[in-house]
$ cat target.txt   # compact mmCIF, C-alpha atoms
# COMPACT_ATOMS: atom_id res chain seq x y z
CA MET O 1 48.58 12.63 98.03
CA THR O 2 46.58 11.12 95.20
CA THR O 3 45.70 7.65 96.50
CA PRO O 4 42.03 7.10 95.78
CA VAL O 5 39.65 5.79 98.38
CA GLU O 6 38.24 2.64 96.86
CA ASP O 7 35.03 0.95 97.85
CA PRO O 8 33.21 -1.80 95.99
CA PRO O 9 30.78 -0.57 93.36
CA ARG O 10 27.14 -1.09 94.27
CA ALA O 11 25.27 -3.65 92.24
CA GLY O 12 24.17 -2.30 88.90
CA ARG O 13 25.49 1.16 89.62
CA GLU O 14 28.70 2.85 88.47
CA GLU O 15 30.36 4.92 91.16
CA TYR O 16 33.66 6.71 91.61
CA SER O 17 35.42 7.50 94.87
CA ARG O 18 36.35 10.90 96.20
CA THR O 19 36.80 12.62 99.55
CA ALA O 20 35.44 15.94 100.77
CA PHE O 21 34.77 17.56 104.14
CA GLY O 22 36.38 14.58 105.85
CA LEU O 23 34.01 12.09 104.23
CA ALA O 24 34.74 9.22 101.88
CA LEU O 25 32.30 9.56 99.01
CA ALA O 26 31.00 7.04 96.47
CA ILE O 27 29.53 9.17 93.70
CA ASP O 28 27.16 8.14 90.94
CA ALA O 29 29.16 8.20 87.71
CA ARG O 30 26.48 10.37 86.09
CA ILE O 31 27.25 13.20 88.51
CA SER O 32 30.23 15.39 87.65
CA LEU O 33 31.89 16.87 90.71
CA PRO O 34 35.26 18.45 89.95
CA GLY O 35 37.47 19.68 92.76
CA LEU O 36 36.95 16.83 95.22
CA GLY O 37 39.88 15.01 96.76
CA ARG O 38 41.29 11.52 96.56
CA SER O 39 42.98 11.44 99.94
CA PRO O 40 42.75 8.18 101.90
CA HIS O 41 42.54 10.24 105.09
CA THR O 42 38.97 10.80 106.18
CA ALA O 43 37.42 11.69 109.50
CA ALA O 44 34.13 9.80 109.46
CA ASP O 45 34.11 6.05 109.93
CA ASP O 46 32.92 3.70 107.23
CA PRO O 47 30.71 3.40 105.30
CA PRO O 48 31.28 6.10 102.70
CA SER O 49 28.50 8.53 101.91
CA HIS O 50 26.84 7.51 98.65
CA VAL O 51 25.78 10.30 96.31
CA ARG O 52 23.17 9.01 93.87
CA LEU O 53 21.09 10.45 91.08
CA ASP O 54 17.77 8.89 92.00
CA PRO O 55 14.67 11.14 91.92
CA ASP O 56 12.29 8.18 92.13
CA GLU O 57 13.77 6.90 95.38
CA LEU O 58 13.91 10.42 96.80
CA ASN O 59 10.24 10.93 96.11
CA ARG O 60 9.30 7.47 97.34
CA ARG O 61 10.97 8.06 100.71
CA TRP O 62 9.66 11.58 101.17
CA GLU O 63 6.11 10.78 100.17
CA ALA O 64 6.06 7.77 102.49
CA LEU O 65 6.41 10.03 105.52
CA THR O 66 3.67 9.84 108.08
CA THR O 67 4.87 12.83 110.08
CA THR O 68 4.94 16.49 109.14
CA PRO O 69 8.50 17.61 108.31
CA LEU O 70 10.08 20.33 110.39
CA ARG O 71 11.54 23.34 108.59
CA ALA O 72 15.17 23.24 109.76
CA ARG O 73 16.42 26.10 107.64
CA GLU O 74 15.18 28.71 105.21
CA LEU O 75 17.47 31.05 103.33
CA ARG O 76 15.88 34.13 101.75
CA PHE O 77 16.95 37.09 99.70
CA GLY O 78 14.22 39.63 100.38
CA GLU O 79 10.94 37.88 99.70
CA THR O 80 12.53 35.22 97.53
CA VAL O 81 13.20 31.84 99.11
CA LEU O 82 16.55 30.55 97.88
CA LEU O 83 17.06 27.41 99.93
CA THR O 84 15.12 25.31 102.39
CA VAL O 85 15.97 22.28 104.51
CA ASP O 86 13.16 20.16 105.96
CA PHE O 87 13.71 17.26 108.32
CA ALA O 88 11.61 14.22 109.07
CA GLU O 89 12.40 10.73 110.30
CA PRO O 90 13.02 8.26 108.76
CA ALA O 91 13.66 10.02 105.43
CA GLY O 92 16.16 12.61 106.66
CA TYR O 93 16.97 16.14 105.52
CA LEU O 94 15.38 17.32 102.28
CA MET O 95 17.33 20.23 100.83
CA TRP O 96 15.79 22.32 98.06
CA ALA O 97 17.69 25.09 96.32
CA ASP O 98 16.19 27.41 93.74
CA GLY O 99 17.61 26.62 90.30
CA PHE O 100 19.38 23.47 91.50
CA GLY O 101 16.85 20.92 92.63
CA ARG O 102 16.37 18.67 95.65
CA ILE O 103 18.69 16.43 97.63
CA LEU O 104 17.55 14.04 100.32
CA ILE O 105 20.25 13.34 102.91
CA SER O 106 19.67 10.30 105.09
CA PRO O 107 19.52 10.88 108.86
CA ASP O 108 22.97 9.32 109.29
CA GLY O 109 24.49 11.24 106.38
CA THR O 110 25.56 8.13 104.47
CA GLU O 111 23.22 8.60 101.51
CA LEU O 112 22.45 11.62 99.35
CA LEU O 113 19.71 11.17 96.75
CA CYS O 114 19.61 13.84 94.07
CA GLU O 115 16.77 15.20 91.96
CA PRO O 116 18.12 17.93 89.65
CA GLU O 117 15.86 20.76 88.63
CA PRO O 118 14.90 20.20 84.98
CA GLY O 119 17.16 22.13 82.63
CA SER O 120 19.70 23.05 85.29
CA ASN O 121 23.18 22.35 83.96
CA GLY O 122 24.99 23.39 87.09
CA TRP O 123 22.67 21.70 89.57
CA ALA O 124 25.48 19.55 91.04
CA ASN O 125 27.17 22.68 92.46
CA ILE O 126 24.70 22.49 95.32
CA LEU O 127 26.47 19.33 96.50
CA PRO O 128 29.85 20.82 97.52
CA PHE O 129 28.35 24.16 98.50
CA GLN O 130 25.50 22.95 100.72
CA ALA O 131 24.63 19.27 100.75
CA LEU O 132 28.03 17.70 101.47
CA PRO O 133 28.76 20.16 104.32
CA LEU O 134 25.40 19.17 105.80
CA ALA O 135 26.24 15.46 105.45
CA ALA O 136 29.63 16.11 107.08
CA THR O 137 27.95 17.89 109.98
CA ILE O 138 25.59 14.96 110.45
CA ARG O 139 28.56 12.59 110.42
CA GLY O 140 30.44 14.36 113.19
CA LEU O 141 32.49 17.15 111.66
CA GLU O 142 32.13 20.86 112.24
CA VAL O 143 32.15 22.83 109.01
CA MET O 144 33.33 26.43 109.03
CA HIS O 145 32.03 28.94 106.52
CA ALA O 146 35.50 29.90 105.40
CA SER O 147 37.96 29.72 102.58
CA GLY O 148 40.98 27.60 103.39
CA VAL O 149 44.54 27.17 102.18
CA VAL O 150 47.34 24.91 103.39
CA LEU O 151 50.51 26.92 103.93
CA ASP O 152 53.68 25.37 105.35
CA ASP O 153 51.74 22.25 106.39
CA GLY O 154 49.18 24.27 108.37
CA ALA O 155 45.61 25.15 107.40
CA VAL O 156 44.84 28.86 107.18
CA LEU O 157 41.14 29.69 107.18
CA VAL O 158 39.59 33.02 106.21
CA ALA O 159 36.05 33.74 107.43
CA GLY O 160 33.88 36.76 106.93
CA PRO O 161 30.58 37.98 105.57
CA PRO O 162 29.66 37.43 101.90
CA GLY O 163 31.63 39.77 99.67
CA ALA O 164 34.30 40.38 102.29
CA GLY O 165 37.01 38.97 100.05
CA LYS O 166 37.47 35.42 101.32
CA SER O 167 37.96 33.90 97.86
CA SER O 168 40.24 36.71 96.69
CA LEU O 169 42.43 36.24 99.74
CA ALA O 170 42.45 32.46 99.32
CA ALA O 171 43.51 32.94 95.70
CA ALA O 172 46.33 35.24 96.80
CA LEU O 173 47.47 32.70 99.38
CA VAL O 174 47.50 30.02 96.67
CA ARG O 175 49.59 32.27 94.43
CA ALA O 176 51.94 32.72 97.39
CA GLY O 177 52.57 28.98 97.41
CA GLY O 178 49.61 27.59 99.30
CA GLN O 179 47.33 24.75 98.29
CA LEU O 180 43.59 25.36 98.26
CA LEU O 181 41.55 23.47 100.84
CA SER O 182 38.25 25.00 99.88
CA ASP O 183 36.75 28.17 98.50
CA ASP O 184 33.75 28.33 100.79
CA ALA O 185 33.61 25.69 103.52
CA VAL O 186 36.20 23.69 105.45
CA ALA O 187 35.44 20.78 107.77
CA LEU O 188 37.15 20.72 111.15
CA GLN O 189 37.70 17.62 113.21
CA LEU O 190 38.70 17.72 116.86
CA ARG O 191 41.15 14.82 117.20
CA ASP O 192 43.11 14.21 120.40
CA GLY O 193 42.62 17.83 121.36
CA ALA O 194 43.93 19.17 118.04
CA LEU O 195 41.88 20.69 115.22
CA ILE O 196 42.37 19.10 111.82
CA ALA O 197 41.10 20.82 108.66
CA HIS O 198 39.69 18.71 105.83
CA ALA O 199 39.37 19.94 102.26
CA GLY O 200 36.00 20.70 100.73
CA SER O 201 35.73 21.52 97.06
CA THR O 202 38.87 23.00 95.54
CA VAL O 203 36.97 24.80 92.82
CA LEU O 204 37.78 28.47 93.33
CA GLN O 205 35.32 31.12 92.18
CA LEU O 206 36.66 34.59 91.44
CA ARG O 207 34.98 37.65 90.02
CA ALA O 208 35.76 37.82 86.31
CA SER O 209 37.23 41.30 86.65
CA GLU O 210 39.58 40.05 89.32
CA GLY O 211 40.71 37.08 87.26
CA GLU O 212 41.41 39.36 84.31
CA ARG O 213 43.77 41.46 86.40
CA LEU O 214 45.97 38.43 87.06
CA SER O 215 48.84 37.39 84.87
CA ALA O 216 48.56 34.14 82.92
CA ASP O 217 50.98 32.49 85.36
CA ASP O 218 48.94 33.62 88.36
CA ARG O 219 45.75 32.31 86.80
CA ALA O 220 47.44 29.01 86.05
CA ALA O 221 48.45 28.76 89.71
CA LEU O 222 44.75 28.76 90.62
CA GLY O 223 43.99 25.69 88.49
CA ARG O 224 42.42 25.05 85.13
CA HIS O 225 39.60 27.26 83.99
CA ALA O 226 36.33 25.40 84.62
CA GLY O 227 33.67 27.69 83.21
CA THR O 228 31.71 30.66 84.43
CA VAL O 229 28.87 30.90 86.92
CA GLY O 230 27.13 34.25 86.85
CA GLU O 231 29.88 36.84 86.95
CA LYS O 232 32.40 34.48 88.49
CA GLN O 233 35.12 32.47 86.82
CA ARG O 234 35.71 28.97 88.16
CA TYR O 235 39.18 27.45 88.58
CA ALA O 236 39.41 23.75 89.34
CA ASN O 237 42.28 21.93 91.00
CA ASP O 238 42.89 18.26 90.35
CA SER O 239 44.99 17.84 93.46
CA THR O 240 43.67 18.33 96.95
CA PRO O 241 45.77 18.68 100.08
CA ASP O 242 45.68 16.07 102.80
CA PRO O 243 44.07 17.07 106.08
CA ALA O 244 46.22 19.58 107.93
CA PRO O 245 46.33 20.97 111.47
CA LEU O 246 44.58 24.31 111.83
CA ALA O 247 47.22 27.05 111.92
CA GLY O 248 44.89 30.03 112.10
CA LEU O 249 41.39 31.31 111.53
CA PHE O 250 41.40 34.87 110.21
CA LEU O 251 38.18 36.78 110.77
CA LEU O 252 37.79 39.50 108.16
CA ALA O 253 36.40 42.87 109.23
CA HIS O 254 36.00 46.06 107.23
CA SER O 255 37.95 49.05 108.43
CA ASP O 256 38.71 52.55 107.21
CA GLU O 257 42.20 52.30 108.66
CA GLN O 258 45.25 50.71 107.14
CA PRO O 259 45.06 46.90 106.94
CA ALA O 260 46.02 45.31 110.23
CA VAL O 261 46.17 41.83 111.63
CA GLU O 262 46.17 40.82 115.28
CA GLN O 263 45.91 37.64 117.27
CA LEU O 264 42.69 37.66 119.28
CA ALA O 265 43.47 36.90 122.90
CA ALA O 266 39.81 37.33 123.80
CA VAL O 267 37.84 36.24 120.76
CA ASP O 268 34.06 36.57 120.97
CA PRO O 269 32.85 32.95 121.06
CA PHE O 270 29.58 33.93 119.43
CA GLU O 271 31.49 35.30 116.44
CA LEU O 272 33.15 31.90 116.09
CA ILE O 273 29.82 30.11 116.44
CA ALA O 274 28.42 32.40 113.75
CA SER O 275 31.29 31.36 111.47
CA THR O 276 30.22 27.72 111.54
CA PHE O 277 28.48 26.63 108.40
CA ASN O 278 25.46 24.59 109.15
CA LEU O 279 22.32 25.72 110.91
CA SER O 280 20.14 22.73 110.05
CA VAL O 281 21.49 20.15 112.48
CA ARG O 282 20.57 21.06 116.06
CA SER O 283 21.03 17.72 117.79
CA PRO O 284 22.59 17.83 121.28
CA ALA O 285 25.67 15.97 120.03
CA ARG O 286 26.22 18.47 117.23
CA LEU O 287 25.65 21.51 119.44
CA GLN O 288 28.11 20.21 122.00
CA ARG O 289 30.67 19.47 119.30
CA GLN O 290 30.20 22.96 117.88
CA LEU O 291 30.95 24.46 121.28
CA GLU O 292 33.98 22.22 121.76
CA VAL O 293 35.45 23.18 118.39
CA VAL O 294 34.91 26.87 119.07
CA SER O 295 36.40 26.46 122.53
CA ALA O 296 39.48 24.74 121.05
CA ILE O 297 39.99 27.55 118.53
CA ALA O 298 39.93 30.09 121.35
CA ALA O 299 42.04 28.05 123.76
CA ASP O 300 44.75 27.44 121.17
CA LYS O 301 44.73 31.15 120.26
CA LEU O 302 44.05 30.33 116.64
CA ALA O 303 41.69 33.25 115.99
CA HIS O 304 43.01 36.43 114.39
CA ARG O 305 41.35 39.64 113.27
CA LEU O 306 42.21 40.91 109.82
CA ARG O 307 40.99 44.46 109.28
CA VAL O 308 40.80 45.48 105.65
CA GLN O 309 39.67 48.44 103.62
CA PRO O 310 37.33 47.72 100.73
CA GLY O 311 39.33 47.12 97.57
CA VAL O 312 42.60 46.48 99.33
CA ASN O 313 45.15 44.41 97.43
CA ALA O 314 44.69 40.74 98.30
CA THR O 315 48.34 39.97 97.54
CA GLU O 316 49.41 42.42 100.26
CA LEU O 317 46.97 40.85 102.71
CA ALA O 318 48.30 37.38 101.93
CA ALA O 319 51.82 38.61 102.65
CA MET O 320 50.60 40.15 105.94
CA ILE O 321 49.06 36.84 106.97
CA GLN O 322 52.23 34.93 106.17
CA ALA O 323 54.38 37.41 108.11
CA HIS O 324 51.95 37.40 111.03
CA LEU O 325 51.86 33.60 111.21
CA ALA O 326 55.64 33.43 111.08
CA VAL O 327 55.79 35.61 114.20
CA VAL O 328 52.91 33.91 116.04
CA VAL O 329 54.14 30.38 115.36
CA ALA O 330 57.68 31.33 116.30
CA MET N 1 23.29 37.79 130.11
CA ARG N 2 23.25 37.39 126.35
CA GLU N 3 20.85 34.84 124.98
CA GLN N 4 19.36 33.80 121.69
CA SER N 5 15.70 33.94 122.66
CA ALA N 6 13.55 35.49 125.32
CA ASP N 7 10.81 32.86 125.60
CA MET N 8 11.48 31.72 129.12
CA PRO N 9 9.44 29.47 131.37
CA THR N 10 8.30 30.72 134.73
CA VAL N 11 9.78 29.33 137.93
CA PRO N 12 8.37 29.37 141.44
CA GLN N 13 9.09 32.65 143.13
CA LEU N 14 11.35 32.03 146.10
CA SER N 15 12.16 34.64 148.70
CA ASP N 16 15.78 35.72 149.00
CA GLN N 17 16.21 33.66 152.16
CA GLU N 18 14.64 30.58 150.58
CA LEU N 19 16.85 30.91 147.55
CA LEU N 20 19.99 31.35 149.64
CA ALA N 21 19.17 28.07 151.38
CA THR N 22 18.62 26.26 148.10
CA ARG N 23 21.11 23.96 146.45
CA VAL N 24 21.45 24.42 142.69
CA ARG N 25 23.28 22.40 140.06
CA LEU N 26 23.92 22.43 136.36
CA PRO N 27 21.66 19.76 134.85
CA GLN N 28 23.06 17.18 132.45
CA HIS N 29 21.54 18.94 129.47
CA VAL N 30 23.57 22.09 130.13
CA VAL N 31 27.25 22.44 129.21
CA HIS N 32 29.47 25.47 129.51
CA ARG N 33 32.88 26.57 128.32
CA SER N 34 34.93 29.49 129.63
CA PHE N 35 36.51 31.94 127.22
CA VAL N 36 38.74 34.86 128.10
CA ALA N 37 35.99 37.47 128.13
CA GLU N 38 32.89 35.33 128.33
CA THR N 39 31.43 32.06 129.47
CA VAL N 40 29.17 30.33 126.97
CA VAL N 41 26.39 28.22 128.45
CA LEU N 42 24.58 25.85 126.09
CA ASN N 43 21.22 24.32 126.86
CA LEU N 44 21.25 21.13 124.80
CA ARG N 45 17.54 20.62 125.34
CA THR N 46 16.50 23.95 123.86
CA GLY N 47 19.51 24.40 121.57
CA LYS N 48 20.05 27.91 122.91
CA TYR N 49 23.39 29.49 123.67
CA HIS N 50 23.76 32.01 126.48
CA GLY N 51 26.66 34.31 127.25
CA LEU N 52 27.83 35.27 130.72
CA ASN N 53 30.41 37.91 131.57
CA PRO N 54 33.49 36.63 133.42
CA THR N 55 32.10 37.48 136.87
CA ALA N 56 28.81 35.70 136.20
CA GLY N 57 30.73 32.79 134.70
CA ARG N 58 32.79 32.48 137.87
CA MET N 59 29.64 32.71 139.99
CA LEU N 60 28.16 29.83 137.99
CA GLU N 61 31.24 27.69 138.65
CA VAL N 62 31.05 28.37 142.38
CA LEU N 63 27.29 27.84 142.48
CA ASP N 64 27.68 24.43 140.87
CA VAL N 65 29.81 23.10 143.70
CA ALA N 66 28.49 25.07 146.68
CA LEU N 67 26.27 23.36 149.19
CA THR N 68 23.73 26.16 148.89
CA VAL N 69 23.49 29.45 147.04
CA GLY N 70 24.26 31.22 150.31
CA ASP N 71 27.40 29.15 150.79
CA ALA N 72 28.79 30.55 147.57
CA VAL N 73 28.71 34.09 148.93
CA PRO N 74 31.78 34.03 151.25
CA GLU N 75 34.06 32.55 148.60
CA LEU N 76 32.98 35.10 146.02
CA THR N 77 33.23 37.93 148.55
CA ASN N 78 36.83 36.97 149.26
CA GLU N 79 37.62 36.55 145.61
CA TYR N 80 36.24 39.89 144.42
CA GLY N 81 36.92 41.94 147.54
CA VAL N 82 33.57 43.70 147.57
CA GLU N 83 30.89 43.92 150.23
CA ARG N 84 29.03 40.75 151.07
CA GLU N 85 25.66 42.43 150.50
CA GLN N 86 26.65 43.39 146.98
CA ILE N 87 27.79 39.87 146.13
CA GLU N 88 24.64 38.42 147.64
CA ARG N 89 22.38 40.73 145.61
CA ASP N 90 24.24 39.99 142.38
CA LEU N 91 24.29 36.26 143.06
CA LEU N 92 20.56 36.14 143.77
CA THR N 93 19.81 38.06 140.57
CA LEU N 94 22.02 35.74 138.54
CA THR N 95 20.62 32.62 140.17
CA ARG N 96 17.06 33.66 139.39
CA GLY N 97 18.01 34.36 135.78
CA LEU N 98 19.71 31.00 135.40
CA LEU N 99 16.77 29.18 136.98
CA GLU N 100 14.31 30.92 134.68
CA ARG N 101 16.34 29.84 131.66
CA GLU N 102 16.68 26.29 133.02
CA LEU N 103 20.47 26.60 132.97
CA ILE N 104 20.57 25.51 136.60
CA VAL N 105 18.05 23.55 138.62
CA ALA N 106 17.20 23.50 142.30
CA THR N 107 17.99 20.04 143.60
CA ASP N 108 16.34 17.89 146.25
CA ASP N 109 19.71 16.90 147.62
CA ASP N 110 20.21 17.45 151.31
CA ALA N 111 21.56 20.98 151.61
CA GLY N 112 22.72 20.29 155.17

$ encode --input "target.txt" --output "structure tokens"
Amino acid sequence: MTTPVEDPPRAGREEYSRTAFGLALAIDARISLPGLGRSPHTAADDPPSHVRLDPDELNRRWEALTTTPLRARELRFGETVLLTVDFAEPAGYLMWADGFGRILISPDGTELLCEPEPGSNGWANILPFQALPLAATIRGLEVMHASGVVLDDGAVLVAGPPGAGKSSLAAALVRAGGQLLSDDAVALQLRDGALIAHAGSTVLQLRASEGERLSADDRAALGRHAGTVGEKQRYANDSTPDPAPLAGLFLLAHSDEQPAVEQLAAVDPFELIASTFNLSVRSPARLQRQLEVVSAIAADKLAHRLRVQPGVNATELAAMIQAHLAVVVA
Amino acid sequence: MREQSADMPTVPQLSDQELLATRVRLPQHVVHRSFVAETVVLNLRTGKYHGLNPTAGRMLEVLDVALTVGDAVPELTNEYGVEREQIERDLLTLTRGLLERELIVATDDDAG
């Protein structure tokens, strides 16, 4: 599906339309965001969320606050602070990420004002990786920290700790015929009792060494090469799948045994809660929705454990998942 | 009982007999969902999740509809097939824990 979501341009401002995490987006034309969708199917009601490059307005709103902001989230690596989220009415959530800059997200999630860090070429990556999932959470979706692929019209999500191999497995599932929903975060919507997965960013990031092991055809299946970030190669897709019903959530776990996959009849609900993406929004409505989504995953027996040895072949794991799903669905 | 934080408010200390004669209910700011091996109780006011094992989860369900804490004992005794005294002790311990965490409240409703 490639039908764009159109909304009227705002006066004096060039915008283009995309979708991500179940949201319709109107994006400032000066902001380049590859890998976002054009599906007309969104989860949040109108209006779209506007993403604007506007440091002056960001600063005006934040400096006009008369209350002390609350620190909603702080992400550290050792002593180094990597990311913070502060909240204060009426300005909203101010996200700061080291090396990227600041983004102010309005309390209703319909406006994201960006202030890039000077000299940062890749600052906009913070939008699909952190800011848009936060806006989606504010607007009523539950975002899972997972890679996602649509296979046979069903969304297959892979969750696990950093470095567990989520992206590698997603890439293998794409090479097996799937369509990438997202490399890092997928939005879930509970609709009429069913869980629907919405694409995030379809830019896939793979370790350079891993990409080099692939054949040219396999690399082409992942999308066009879109540069390098650190030691990772980026592959961008220009087509994004429509929302799809959740077919399975595979929870990765390290094991010294042979790879194994099993459906979890008694999944630990706290493991599912820990797999949700956003820790900044703690409103009663969000917390209740989080519990309902987790409850639906468990009730529909959509959770599976995938035990893997470090360094195991992702192609084999993808085949295991496909075979497992064929049995479970049957 | 698993919980995210240990900072709990104090509650009036009731004797066993007083507590057995008390009616308790889940307040509006508490929701719970049953899973196969656990019941998750969420306090929307504090934002804290709590985990109950299946037996405690079942006790919570019965407590929420029983006229008094004591009235929940016979049903649970029948259900689990253990001595009444054992059920009563476990139920009182659980009830006190839930009250301390504000996951249930003692009500002023007529307990009959």

$ interface_residues --input "target.txt" --of "chain N" --to "chain O" --cutoff "12 Å" --atoms "only C-alpha atoms" --output "tab-separated table (two decimals) with C-alpha atoms, keeping the file's coordinate frame"
chain	number	residue	atom	x	y	z
N	2	ARG	CA	23.25	37.39	126.35
N	3	GLU	CA	20.85	34.84	124.98
N	4	GLN	CA	19.36	33.80	121.69
N	28	GLN	CA	23.06	17.18	132.45
N	29	HIS	CA	21.54	18.94	129.47
N	30	VAL	CA	23.57	22.09	130.13
N	31	VAL	CA	27.25	22.44	129.21
N	32	HIS	CA	29.47	25.47	129.51
N	33	ARG	CA	32.88	26.57	128.32
N	34	SER	CA	34.93	29.49	129.63
N	35	PHE	CA	36.51	31.94	127.22
N	36	VAL	CA	38.74	34.86	128.10
N	37	ALA	CA	35.99	37.47	128.13
N	38	GLU	CA	32.89	35.33	128.33
N	39	THR	CA	31.43	32.06	129.47
N	40	VAL	CA	29.17	30.33	126.97
N	41	VAL	CA	26.39	28.22	128.45
N	42	LEU	CA	24.58	25.85	126.09
N	43	ASN	CA	21.22	24.32	126.86
N	44	LEU	CA	21.25	21.13	124.80
N	45	ARG	CA	17.54	20.62	125.34
N	46	THR	CA	16.50	23.95	123.86
N	47	GLY	CA	19.51	24.40	121.57
N	48	LYS	CA	20.05	27.91	122.91
N	49	TYR	CA	23.39	29.49	123.67
N	50	HIS	CA	23.76	32.01	126.48
N	51	GLY	CA	26.66	34.31	127.25
N	52	LEU	CA	27.83	35.27	130.72
N	53	ASN	CA	30.41	37.91	131.57
N	54	PRO	CA	33.49	36.63	133.42

$ residues_around --input "target.txt" --residues "range 79-86 of chain N" --least-positions-apart "6" --cutoff "12 Å" --atoms "only C-alpha atoms" --output "list of chain:residue names"
N:Pro54, N:Thr55, N:Ala56, N:Arg58, N:Met59, N:Val62, N:Gly70, N:Asp71, N:Ala72, N:Val73, N:Leu92, N:Thr93

$ atom_distance --input "target.txt" --atom1 "CA of Gly160 in chain O" --atom2 "CA of Ala236 in chain O"
22.6 Å

$ atom_distance --input "target.txt" --atom1 "CA of Gly230 in chain O" --atom2 "CA of Arg73 in chain O"
24.8 Å

$ atom_distance --input "target.txt" --atom1 "CA of Ala164 in chain O" --atom2 "CA of Val308 in chain O"
8.9 Å

$ closest_atom_pairs --input "target.txt" --of "range 40-75 of chain O" --to "range 83-107 of chain O" --cutoff "6 Å" --atoms "all atoms listed in the file" --output "tab-separated table"
residue	atom	partner	partner_atom	distance
O:Arg61	CA	O:Ala91	CA	5.8
O:Pro69	CA	O:Ala88	CA	4.7
O:Leu70	CA	O:Phe87	CA	5.2
O:Arg71	CA	O:Asp86	CA	4.4
O:Ala72	CA	O:Asp86	CA	5.3
O:Arg73	CA	O:Val85	CA	5.0
O:Glu74	CA	O:Thr84	CA	4.4
O:Leu75	CA	O:Leu83	CA	5.0

$ build_atoms --input "target.txt" --residues "range 79-91 of chain N" --atoms "N, CA and C atoms" --output "PDB file, keeping the file's coordinate frame"
ATOM      1  N   GLU N  79      36.973  36.526 146.919  1.00  0.00           N
ATOM      2  CA  GLU N  79      37.620  36.550 145.610  1.00  0.00           C
ATOM      3  C   GLU N  79      37.554  37.935 144.970  1.00  0.00           C
ATOM      4  N   TYR N  80      36.418  38.605 145.110  1.00  0.00           N
ATOM      5  CA  TYR N  80      36.240  39.890 144.420  1.00  0.00           C
ATOM      6  C   TYR N  80      36.499  41.088 145.333  1.00  0.00           C
ATOM      7  N   GLY N  81      36.589  40.855 146.625  1.00  0.00           N
ATOM      8  CA  GLY N  81      36.920  41.940 147.540  1.00  0.00           C
ATOM      9  C   GLY N  81      35.889  43.056 147.588  1.00  0.00           C
ATOM     10  N   VAL N  82      34.636  42.692 147.437  1.00  0.00           N
ATOM     11  CA  VAL N  82      33.570  43.700 147.570  1.00  0.00           C
ATOM     12  C   VAL N  82      32.658  43.295 148.725  1.00  0.00           C
ATOM     13  N   GLU N  83      31.738  44.185 149.058  1.00  0.00           N
ATOM     14  CA  GLU N  83      30.890  43.920 150.230  1.00  0.00           C
ATOM     15  C   GLU N  83      30.022  42.681 150.016  1.00  0.00           C
ATOM     16  N   ARG N  84      29.817  41.982 151.104  1.00  0.00           N
ATOM     17  CA  ARG N  84      29.030  40.750 151.070  1.00  0.00           C
ATOM     18  C   ARG N  84      27.618  41.005 150.526  1.00  0.00           C
ATOM     19  N   GLU N  85      27.036  42.131 150.936  1.00  0.00           N
ATOM     20  CA  GLU N  85      25.660  42.430 150.500  1.00  0.00           C
ATOM     21  C   GLU N  85      25.594  42.579 148.983  1.00  0.00           C
ATOM     22  N   GLN N  86      26.618  43.190 148.437  1.00  0.00           N
ATOM     23  CA  GLN N  86      26.650  43.390 146.980  1.00  0.00           C
ATOM     24  C   GLN N  86      26.747  42.051 146.258  1.00  0.00           C
ATOM     25  N   ILE N  87      27.642  41.204 146.743  1.00  0.00           N
ATOM     26  CA  ILE N  87      27.790  39.870 146.130  1.00  0.00           C
ATOM     27  C   ILE N  87      26.480  39.100 146.246  1.00  0.00           C
ATOM     28  N   GLU N  88      25.867  39.186 147.411  1.00  0.00           N
ATOM     29  CA  GLU N  88      24.640  38.420 147.640  1.00  0.00           C
ATOM     30  C   GLU N  88      23.529  38.882 146.688  1.00  0.00           C
ATOM     31  N   ARG N  89      23.405  40.197 146.531  1.00  0.00           N
ATOM     32  CA  ARG N  89      22.380  40.730 145.610  1.00  0.00           C
ATOM     33  C   ARG N  89      22.648  40.245 144.181  1.00  0.00           C
ATOM     34  N   ASP N  90      23.897  40.376 143.760  1.00  0.00           N
ATOM     35  CA  ASP N  90      24.240  39.990 142.380  1.00  0.00           C
ATOM     36  C   ASP N  90      24.037  38.489 142.174  1.00  0.00           C
ATOM     37  N   LEU N  91      24.408  37.721 143.181  1.00  0.00           N
ATOM     38  CA  LEU N  91      24.290  36.260 143.060  1.00  0.00           C
ATOM     39  C   LEU N  91      22.829  35.829 142.996  1.00  0.00           C
TER      40      LEU N  91
END
